[in-house]
file input36.cif (mmCIF, N, CA and C atoms and all ligand atoms)
data_protein
loop_
_atom_site.label_atom_id
_atom_site.label_comp_id
_atom_site.auth_asym_id
_atom_site.auth_seq_id
_atom_site.Cartn_x
_atom_site.Cartn_y
_atom_site.Cartn_z
N MET A 29 59.51 34.29 16.13
CA MET A 29 58.25 33.55 16.29
C MET A 29 57.69 33.75 17.71
N LYS A 30 58.56 33.45 18.69
CA LYS A 30 58.13 33.64 20.08
C LYS A 30 57.77 35.10 20.36
N THR A 31 58.57 36.02 19.80
CA THR A 31 58.31 37.44 20.01
C THR A 31 56.92 37.79 19.49
N GLY A 32 56.57 37.24 18.31
CA GLY A 32 55.27 37.50 17.70
C GLY A 32 54.14 37.12 18.64
N ILE A 33 54.26 35.93 19.22
CA ILE A 33 53.21 35.47 20.13
C ILE A 33 53.15 36.38 21.35
N PHE A 34 54.32 36.75 21.85
CA PHE A 34 54.38 37.63 23.02
C PHE A 34 53.68 38.96 22.75
N VAL A 35 53.99 39.55 21.59
CA VAL A 35 53.38 40.83 21.23
C VAL A 35 51.86 40.67 21.11
N PHE A 36 51.46 39.55 20.51
CA PHE A 36 50.03 39.29 20.34
C PHE A 36 49.33 39.23 21.70
N VAL A 37 49.94 38.47 22.64
CA VAL A 37 49.35 38.35 23.97
C VAL A 37 49.29 39.71 24.64
N LEU A 38 50.36 40.49 24.50
CA LEU A 38 50.38 41.82 25.09
C LEU A 38 49.27 42.70 24.56
N SER A 39 49.09 42.70 23.22
CA SER A 39 48.09 43.61 22.67
C SER A 39 46.69 43.12 23.02
N LEU A 40 46.54 41.80 23.14
CA LEU A 40 45.25 41.26 23.57
C LEU A 40 44.95 41.74 24.99
N ALA A 41 45.97 41.70 25.84
CA ALA A 41 45.80 42.13 27.22
C ALA A 41 45.42 43.60 27.28
N SER A 42 46.04 44.44 26.43
CA SER A 42 45.71 45.85 26.52
C SER A 42 44.32 46.12 25.95
N LEU A 43 43.90 45.34 24.96
CA LEU A 43 42.54 45.52 24.45
C LEU A 43 41.52 45.10 25.51
N LEU A 44 41.84 44.03 26.24
CA LEU A 44 40.94 43.61 27.30
C LEU A 44 40.84 44.69 28.36
N SER A 45 41.97 45.34 28.67
CA SER A 45 41.88 46.35 29.70
C SER A 45 41.17 47.60 29.18
N ALA A 46 41.27 47.86 27.87
CA ALA A 46 40.50 48.97 27.29
C ALA A 46 39.01 48.69 27.44
N ASN A 47 38.68 47.40 27.24
CA ASN A 47 37.30 46.96 27.40
C ASN A 47 36.82 47.29 28.82
N GLU A 48 37.65 46.94 29.81
CA GLU A 48 37.32 47.21 31.21
C GLU A 48 37.22 48.72 31.47
N THR A 49 38.22 49.47 30.97
CA THR A 49 38.21 50.92 31.17
C THR A 49 36.91 51.48 30.61
N PHE A 50 36.54 51.03 29.41
CA PHE A 50 35.33 51.58 28.80
C PHE A 50 34.10 51.26 29.65
N ASP A 51 33.99 49.98 30.06
CA ASP A 51 32.81 49.57 30.82
C ASP A 51 32.73 50.29 32.16
N THR A 52 33.88 50.50 32.83
CA THR A 52 33.81 51.11 34.15
C THR A 52 33.84 52.63 34.09
N LYS A 53 34.59 53.22 33.13
CA LYS A 53 34.77 54.67 33.14
C LYS A 53 33.91 55.44 32.15
N CYS A 54 33.52 54.82 31.04
CA CYS A 54 32.89 55.59 29.98
C CYS A 54 31.41 55.25 29.79
N SER A 55 31.07 53.98 30.07
CA SER A 55 29.73 53.52 29.68
C SER A 55 28.62 54.20 30.48
N THR A 56 28.92 54.65 31.72
CA THR A 56 27.91 55.33 32.53
C THR A 56 27.29 56.48 31.73
N CYS A 57 28.13 57.24 31.06
CA CYS A 57 27.62 58.38 30.30
C CYS A 57 27.37 58.04 28.83
N HIS A 58 28.25 57.25 28.24
CA HIS A 58 28.18 57.04 26.79
C HIS A 58 27.44 55.76 26.39
N GLY A 59 27.04 54.94 27.39
CA GLY A 59 26.33 53.70 27.07
C GLY A 59 27.29 52.55 26.87
N LEU A 60 26.88 51.33 27.24
CA LEU A 60 27.76 50.15 27.16
C LEU A 60 28.24 49.88 25.74
N LYS A 61 27.46 50.27 24.76
CA LYS A 61 27.87 50.07 23.37
C LYS A 61 28.24 51.39 22.70
N GLY A 62 28.47 52.44 23.52
CA GLY A 62 28.81 53.74 22.96
C GLY A 62 27.66 54.30 22.13
N GLU A 63 26.43 53.99 22.56
CA GLU A 63 25.27 54.33 21.73
C GLU A 63 24.54 55.60 22.19
N LYS A 64 24.84 56.07 23.44
CA LYS A 64 24.06 57.19 24.00
C LYS A 64 24.55 58.54 23.47
N GLU A 65 23.62 59.46 23.34
CA GLU A 65 23.98 60.83 22.99
C GLU A 65 23.75 61.68 24.25
N ILE A 66 24.67 62.60 24.54
CA ILE A 66 24.57 63.40 25.77
C ILE A 66 24.27 64.84 25.39
N THR A 67 23.27 65.44 26.04
CA THR A 67 22.92 66.82 25.72
C THR A 67 23.73 67.79 26.57
N GLY A 68 24.34 68.77 25.89
CA GLY A 68 25.14 69.77 26.59
C GLY A 68 24.50 71.15 26.48
N LYS A 69 25.26 72.18 26.87
CA LYS A 69 24.74 73.55 26.86
C LYS A 69 24.38 74.01 25.45
N ILE A 70 25.25 73.63 24.49
CA ILE A 70 25.04 74.18 23.14
C ILE A 70 24.95 73.11 22.06
N GLY A 71 24.69 71.91 22.47
CA GLY A 71 24.58 70.85 21.46
C GLY A 71 24.59 69.50 22.13
N HIS A 72 24.73 68.44 21.35
CA HIS A 72 24.83 67.14 22.01
C HIS A 72 25.84 66.26 21.31
N THR A 73 26.40 65.29 22.07
CA THR A 73 27.41 64.41 21.51
C THR A 73 26.76 63.41 20.57
N ARG A 74 27.58 62.88 19.69
CA ARG A 74 27.13 61.76 18.86
C ARG A 74 27.31 60.47 19.67
N ALA A 75 26.70 59.39 19.18
CA ALA A 75 27.00 58.09 19.76
C ALA A 75 28.46 57.80 19.43
N LEU A 76 29.26 57.44 20.45
CA LEU A 76 30.70 57.25 20.22
C LEU A 76 30.95 56.22 19.12
N ALA A 77 30.11 55.17 19.10
CA ALA A 77 30.32 54.09 18.14
C ALA A 77 30.13 54.55 16.70
N SER A 78 29.65 55.78 16.49
CA SER A 78 29.45 56.24 15.12
C SER A 78 30.63 57.09 14.62
N ILE A 79 31.65 57.29 15.47
CA ILE A 79 32.78 58.16 15.12
C ILE A 79 33.95 57.31 14.65
N ASP A 80 34.73 57.77 13.64
CA ASP A 80 35.84 56.94 13.18
C ASP A 80 37.06 57.07 14.09
N LYS A 81 38.01 56.15 13.90
CA LYS A 81 39.10 56.02 14.87
C LYS A 81 39.96 57.29 14.96
N GLU A 82 40.29 57.85 13.79
CA GLU A 82 41.17 59.02 13.80
C GLU A 82 40.54 60.16 14.60
N GLU A 83 39.23 60.37 14.37
CA GLU A 83 38.56 61.46 15.07
C GLU A 83 38.44 61.18 16.57
N LEU A 84 38.19 59.91 16.91
CA LEU A 84 38.12 59.55 18.33
C LEU A 84 39.43 59.91 19.03
N VAL A 85 40.56 59.52 18.41
CA VAL A 85 41.86 59.78 19.03
C VAL A 85 42.10 61.29 19.13
N THR A 86 41.78 62.03 18.05
CA THR A 86 41.97 63.48 18.06
C THR A 86 41.13 64.13 19.16
N LEU A 87 39.87 63.72 19.25
CA LEU A 87 38.98 64.32 20.25
C LEU A 87 39.44 63.98 21.67
N MET A 88 39.73 62.70 21.89
CA MET A 88 40.11 62.30 23.25
C MET A 88 41.40 63.00 23.68
N THR A 89 42.36 63.10 22.75
CA THR A 89 43.61 63.78 23.07
C THR A 89 43.34 65.26 23.35
N GLY A 90 42.45 65.86 22.57
CA GLY A 90 42.10 67.27 22.75
C GLY A 90 41.43 67.52 24.10
N TYR A 91 40.52 66.63 24.49
CA TYR A 91 39.88 66.78 25.81
C TYR A 91 40.94 66.67 26.90
N LYS A 92 41.80 65.63 26.75
CA LYS A 92 42.82 65.37 27.76
C LYS A 92 43.72 66.59 27.94
N ASP A 93 44.15 67.16 26.82
CA ASP A 93 45.08 68.30 26.88
C ASP A 93 44.37 69.63 27.11
N GLY A 94 43.04 69.63 27.10
CA GLY A 94 42.28 70.86 27.30
C GLY A 94 42.41 71.83 26.14
N THR A 95 42.53 71.28 24.90
CA THR A 95 42.76 72.15 23.74
C THR A 95 41.50 72.37 22.88
N ILE A 96 40.39 71.72 23.21
CA ILE A 96 39.18 71.94 22.42
C ILE A 96 38.45 73.15 23.01
N HIS A 97 38.40 74.24 22.24
CA HIS A 97 37.80 75.51 22.72
C HIS A 97 38.27 75.85 24.13
N GLU A 98 39.59 75.88 24.29
CA GLU A 98 40.22 76.22 25.57
C GLU A 98 39.70 75.37 26.72
N GLY A 99 39.48 74.10 26.45
CA GLY A 99 39.07 73.18 27.50
C GLY A 99 37.56 73.09 27.67
N GLU A 100 36.81 73.97 26.97
CA GLU A 100 35.34 73.96 27.12
C GLU A 100 34.71 72.78 26.37
N GLY A 101 35.45 72.18 25.44
CA GLY A 101 34.91 71.08 24.67
C GLY A 101 34.02 71.58 23.55
N GLN A 102 33.41 70.65 22.83
CA GLN A 102 32.58 71.01 21.68
C GLN A 102 31.22 71.53 22.12
N HIS A 103 30.79 71.13 23.33
CA HIS A 103 29.43 71.45 23.76
C HIS A 103 29.41 72.14 25.12
N GLY A 104 30.55 72.74 25.50
CA GLY A 104 30.62 73.42 26.80
C GLY A 104 30.79 72.46 27.97
N LEU A 105 31.04 71.18 27.67
CA LEU A 105 31.16 70.19 28.74
C LEU A 105 32.52 69.49 28.72
N GLY A 106 33.49 70.17 28.15
CA GLY A 106 34.81 69.56 27.98
C GLY A 106 35.50 69.21 29.29
N LYS A 107 35.19 69.95 30.35
CA LYS A 107 35.88 69.70 31.63
C LYS A 107 35.51 68.32 32.19
N ILE A 108 34.28 67.90 31.91
CA ILE A 108 33.86 66.57 32.35
C ILE A 108 34.75 65.52 31.68
N MET A 109 34.96 65.67 30.39
CA MET A 109 35.77 64.70 29.65
C MET A 109 37.24 64.81 30.02
N ARG A 110 37.68 66.01 30.34
CA ARG A 110 39.09 66.16 30.71
C ARG A 110 39.40 65.34 31.95
N GLY A 111 38.49 65.40 32.93
CA GLY A 111 38.67 64.62 34.15
C GLY A 111 38.75 63.13 33.87
N GLN A 112 37.95 62.68 32.88
CA GLN A 112 37.93 61.26 32.56
C GLN A 112 39.23 60.82 31.90
N LEU A 113 39.79 61.67 31.05
CA LEU A 113 40.90 61.24 30.20
C LEU A 113 42.27 61.61 30.75
N ARG A 114 42.33 62.53 31.69
CA ARG A 114 43.63 62.99 32.18
C ARG A 114 44.52 61.85 32.68
N PRO A 115 43.97 60.84 33.39
CA PRO A 115 44.87 59.78 33.88
C PRO A 115 45.37 58.83 32.79
N LEU A 116 44.82 58.93 31.57
CA LEU A 116 45.16 57.94 30.54
C LEU A 116 46.34 58.38 29.68
N SER A 117 47.14 57.40 29.25
CA SER A 117 48.27 57.68 28.36
C SER A 117 47.77 57.70 26.92
N SER A 118 48.63 58.14 25.99
CA SER A 118 48.18 58.14 24.60
C SER A 118 48.00 56.72 24.08
N ALA A 119 48.74 55.75 24.65
CA ALA A 119 48.52 54.35 24.26
C ALA A 119 47.15 53.87 24.75
N ASP A 120 46.76 54.29 25.96
CA ASP A 120 45.43 53.94 26.48
C ASP A 120 44.34 54.50 25.56
N ILE A 121 44.57 55.73 25.09
CA ILE A 121 43.59 56.39 24.23
C ILE A 121 43.44 55.64 22.90
N GLU A 122 44.58 55.21 22.31
CA GLU A 122 44.56 54.37 21.10
C GLU A 122 43.72 53.12 21.34
N ASP A 123 44.02 52.42 22.45
CA ASP A 123 43.32 51.17 22.75
C ASP A 123 41.82 51.41 22.93
N LEU A 124 41.48 52.51 23.61
CA LEU A 124 40.06 52.82 23.82
C LEU A 124 39.37 53.07 22.49
N ALA A 125 40.08 53.80 21.59
CA ALA A 125 39.48 54.09 20.29
C ALA A 125 39.22 52.78 19.54
N LEU A 126 40.19 51.85 19.60
CA LEU A 126 40.00 50.55 18.94
C LEU A 126 38.82 49.80 19.56
N HIS A 127 38.72 49.87 20.88
CA HIS A 127 37.62 49.20 21.55
C HIS A 127 36.27 49.79 21.10
N ILE A 128 36.22 51.12 21.03
CA ILE A 128 34.96 51.78 20.62
C ILE A 128 34.61 51.36 19.19
N LEU A 129 35.64 51.25 18.32
CA LEU A 129 35.38 50.78 16.95
C LEU A 129 34.82 49.37 16.95
N SER A 130 35.33 48.52 17.86
CA SER A 130 34.83 47.15 17.87
C SER A 130 33.36 47.13 18.30
N LEU A 131 32.95 48.09 19.13
CA LEU A 131 31.54 48.19 19.52
C LEU A 131 30.69 48.51 18.30
N ASN A 132 31.26 49.41 17.49
CA ASN A 132 30.60 49.81 16.26
C ASN A 132 30.37 48.60 15.36
N ASN A 133 31.44 47.75 15.20
CA ASN A 133 31.31 46.58 14.35
C ASN A 133 30.25 45.63 14.86
N LYS A 134 30.21 45.49 16.21
CA LYS A 134 29.20 44.59 16.79
C LYS A 134 27.81 45.12 16.47
N ALA A 135 27.65 46.46 16.61
CA ALA A 135 26.34 47.04 16.36
C ALA A 135 25.97 46.83 14.89
N ALA A 136 26.96 46.96 13.98
CA ALA A 136 26.69 46.83 12.55
C ALA A 136 26.29 45.41 12.19
N LYS A 137 26.80 44.41 12.92
CA LYS A 137 26.51 43.02 12.60
C LYS A 137 25.11 42.60 13.00
N LYS A 138 24.47 43.35 13.88
CA LYS A 138 23.15 42.97 14.37
C LYS A 138 22.15 42.76 13.25
C1 LIG B 201 30.48 61.90 33.44
C2 LIG B 201 30.03 61.56 32.08
C3 LIG B 201 31.11 61.13 31.07
C4 LIG B 201 31.99 60.10 31.18
C5 LIG B 201 32.16 59.14 32.36
C6 LIG B 201 32.73 60.06 29.93
N1 LIG B 201 32.29 61.04 29.07
FE1 LIG B 201 32.90 61.34 27.14
N2 LIG B 201 31.67 62.97 27.03
C7 LIG B 201 30.90 63.47 28.06
C8 LIG B 201 30.37 64.77 27.69
C9 LIG B 201 29.45 65.63 28.55
C10 LIG B 201 30.87 65.05 26.39
C11 LIG B 201 30.67 66.34 25.57
C12 LIG B 201 31.84 67.27 25.92
C13 LIG B 201 31.92 68.53 25.07
O1 LIG B 201 31.31 69.55 25.44
O2 LIG B 201 32.61 68.50 24.02
C14 LIG B 201 31.66 63.88 25.99
C15 LIG B 201 32.27 63.74 24.75
C16 LIG B 201 33.02 62.65 24.36
C17 LIG B 201 33.54 62.44 23.02
C18 LIG B 201 33.25 63.28 21.79
C19 LIG B 201 31.86 62.95 21.27
C20 LIG B 201 31.45 63.75 20.05
O3 LIG B 201 30.24 63.76 19.71
O4 LIG B 201 32.28 64.38 19.39
C21 LIG B 201 34.28 61.29 23.08
C22 LIG B 201 35.03 60.63 21.92
C23 LIG B 201 34.21 60.77 24.44
N3 LIG B 201 33.42 61.62 25.20
C24 LIG B 201 34.83 59.63 24.89
C25 LIG B 201 34.79 59.17 26.23
C26 LIG B 201 35.56 58.06 26.72
C27 LIG B 201 36.48 57.19 25.88
C28 LIG B 201 35.29 57.94 28.07
C29 LIG B 201 35.90 56.98 29.07
C30 LIG B 201 37.34 57.11 29.30
C31 LIG B 201 34.32 58.98 28.38
N4 LIG B 201 34.05 59.71 27.26
C32 LIG B 201 33.75 59.16 29.64
C33 LIG B 201 30.63 62.83 29.26
C34 LIG B 201 31.31 61.73 29.76
#
call {"tool": "encode", "arguments": {"input": "input36.cif", "output": "structure tokens"}}
result
Amino acid sequence: MKTGIFVFVLSLASLLSANETFDTKCSTCHGLKGEKEITGKIGHTRALASIDKEELVTLMTGYKDGTIHEGEGQHGLGKIMRGQLRPLSSADIEDLALHILSLNNKAAKK
């Protein structure tokens, strides 16, 4: 019972910090609600809040590891994203994806 509460508090804390990470590190380019689209050399990003969780995790991990088109990314701007994601762990990436999904739900409820 106590362990359950502890785990709950822990995951709440990590979601809160994902919230902070998103607001301070990602929202400048992607928008506070993950709503902005960014134009690159050969295309443009979707609004992050429109992408599902599995794809978010795959993309973020790919940028971090420099494996999307040899680090060029989907639109020739992968190096920008690599710099953003390199300091984050795979647990941070999971939490960020969940946070981005929650933005999506908020947008859907409007
Ligand atoms: C300096 C601006 C900038 C910041 C800050 C930034 N990004 Fe990005 N992001 C980009 C660009 C540019 C691309 C397109 C890269 C490419 O060519 O694939 C992108 C692409 C993405 C994509 C894929 C979008 C798609 O349409 O497939 C995801 C997911 C993403 N970013 C998540 C994040 C997260 C999470 C953070 C915060 C940790 C973040 N970004 C911070 C500029 C930024």
call {"tool": "select_by_dssp", "arguments": {"input": "input36.cif", "residues": "chain A", "states": "alpha helix (DSSP H)", "output": "MDAnalysis selection string"}}
result
chainID A and resid 30:49 55:58 81:93 106:113 118:137
call {"tool": "closest_atom_pairs", "arguments": {"input": "input36.cif", "of": "chain A", "to": "ligand LIG 201 (chain B)", "cutoff": "7 Å", "atoms": "all atoms listed in the file", "output": "tab-separated table"}}
result
residue	atom	partner	partner_atom	distance
A:Thr49	C	B:LIG201	C30	5.8
A:Phe50	CA	B:LIG201	C29	5.4
A:Thr52	C	B:LIG201	C5	6.9
A:Lys53	C	B:LIG201	C29	4.0
A:Cys54	CA	B:LIG201	C29	3.4
A:Ser55	N	B:LIG201	C5	5.7
A:Thr56	N	B:LIG201	C5	5.6
A:Cys57	CA	B:LIG201	C2	4.4
A:His58	N	B:LIG201	C4	5.5
A:Ile66	CA	B:LIG201	C9	6.0
A:Thr67	C	B:LIG201	C9	6.4
A:Gly68	CA	B:LIG201	O1	6.3
A:Lys69	N	B:LIG201	O1	6.8
A:His72	C	B:LIG201	O3	5.3
A:Thr73	CA	B:LIG201	O3	3.4
A:Arg74	N	B:LIG201	O3	2.8
A:Ala75	N	B:LIG201	O3	5.6
A:Leu76	CA	B:LIG201	C22	5.8
A:Glu83	C	B:LIG201	C22	6.4
A:Leu84	CA	B:LIG201	C22	4.9
A:Val85	N	B:LIG201	C22	6.6
A:Leu87	C	B:LIG201	C22	5.5
A:Met88	N	B:LIG201	C22	5.1
A:Glu100	C	B:LIG201	O1	4.8
A:Gly101	C	B:LIG201	O2	3.4
A:Gln102	N	B:LIG201	O2	2.6
A:His103	N	B:LIG201	O1	2.7
A:Gly104	N	B:LIG201	O1	3.3
A:Leu105	N	B:LIG201	O1	2.8
A:Gly106	N	B:LIG201	O1	3.5
A:Lys107	N	B:LIG201	C12	6.2
A:Ile108	C	B:LIG201	C34	5.5
A:Met109	CA	B:LIG201	FE1	5.1
A:Gln112	C	B:LIG201	C30	4.9
A:Leu113	N	B:LIG201	C30	5.5
A:Leu124	CA	B:LIG201	C27	6.0
A:Ala125	N	B:LIG201	C27	6.5
call {"tool": "atom_distance", "arguments": {"input": "input36.cif", "atom1": "CA of Ser130 in chain A", "atom2": "CA of Gly62 in chain A"}}
result
10.3 Å
call {"tool": "residues_around", "arguments": {"input": "input36.cif", "residues": "Asp123 in chain A", "least_positions_apart": "5", "cutoff": "6.5 Å", "atoms": "only N, CA and C atoms", "output": "list in words"}}
result
Ser42, Leu43, Ala46, Ser118 and Ile128 of chain A
call {"tool": "atom_distance", "arguments": {"input": "input36.cif", "atom1": "atom C of Asn132 in chain A", "atom2": "CA of Lys64 in chain A"}}
result
13.7 Å
call {"tool": "closest_residue", "arguments": {"input": "input36.cif", "among": "A:Asp93, A:Glu63, A:Glu98, A:Glu82", "to": "Glu122 in chain A", "atoms": "only C-alpha atoms"}}
result
A:Glu82
call {"tool": "residues_around", "arguments": {"input": "input36.cif", "residues": "Leu129 in chain A", "least_positions_apart": "5", "cutoff": "8 Å", "atoms": "only N, CA and C atoms", "output": "list in words"}}
result
Leu76, Ala77, Ser78, Ile79, Asp80, Lys81, Asp123, Leu124, Lys134 and Ala135 of chain A
call {"tool": "closest_residue", "arguments": {"input": "input36.cif", "among": "A:Thr31, A:Arg110, A:Ala41, A:Asn47", "to": "Ile96 in chain A", "atoms": "only C-alpha atoms"}}
result
A:Arg110
call {"tool": "atom_distance", "arguments": {"input": "input36.cif", "atom1": "CA of Asp120 in chain A", "atom2": "CA of Lys92 in chain A"}}
result
11.8 Å
call {"tool": "axis_aligned_box", "arguments": {"input": "input36.cif", "around": "range 117-126 of chain A", "padding_each_side": "5 Å", "output": "AutoDock Vina command-line options"}}
result
--center_x 43.8 --center_y 54.0 --center_z 24.1 --size_x 19.9 --size_y 18.3 --size_z 20.3
call {"tool": "closest_residue", "arguments": {"input": "input36.cif", "among": "A:Leu126, A:Leu60, A:Ile121, A:Leu131", "to": "Thr89 in chain A", "atoms": "all atoms listed in the file"}}
result
A:Ile121
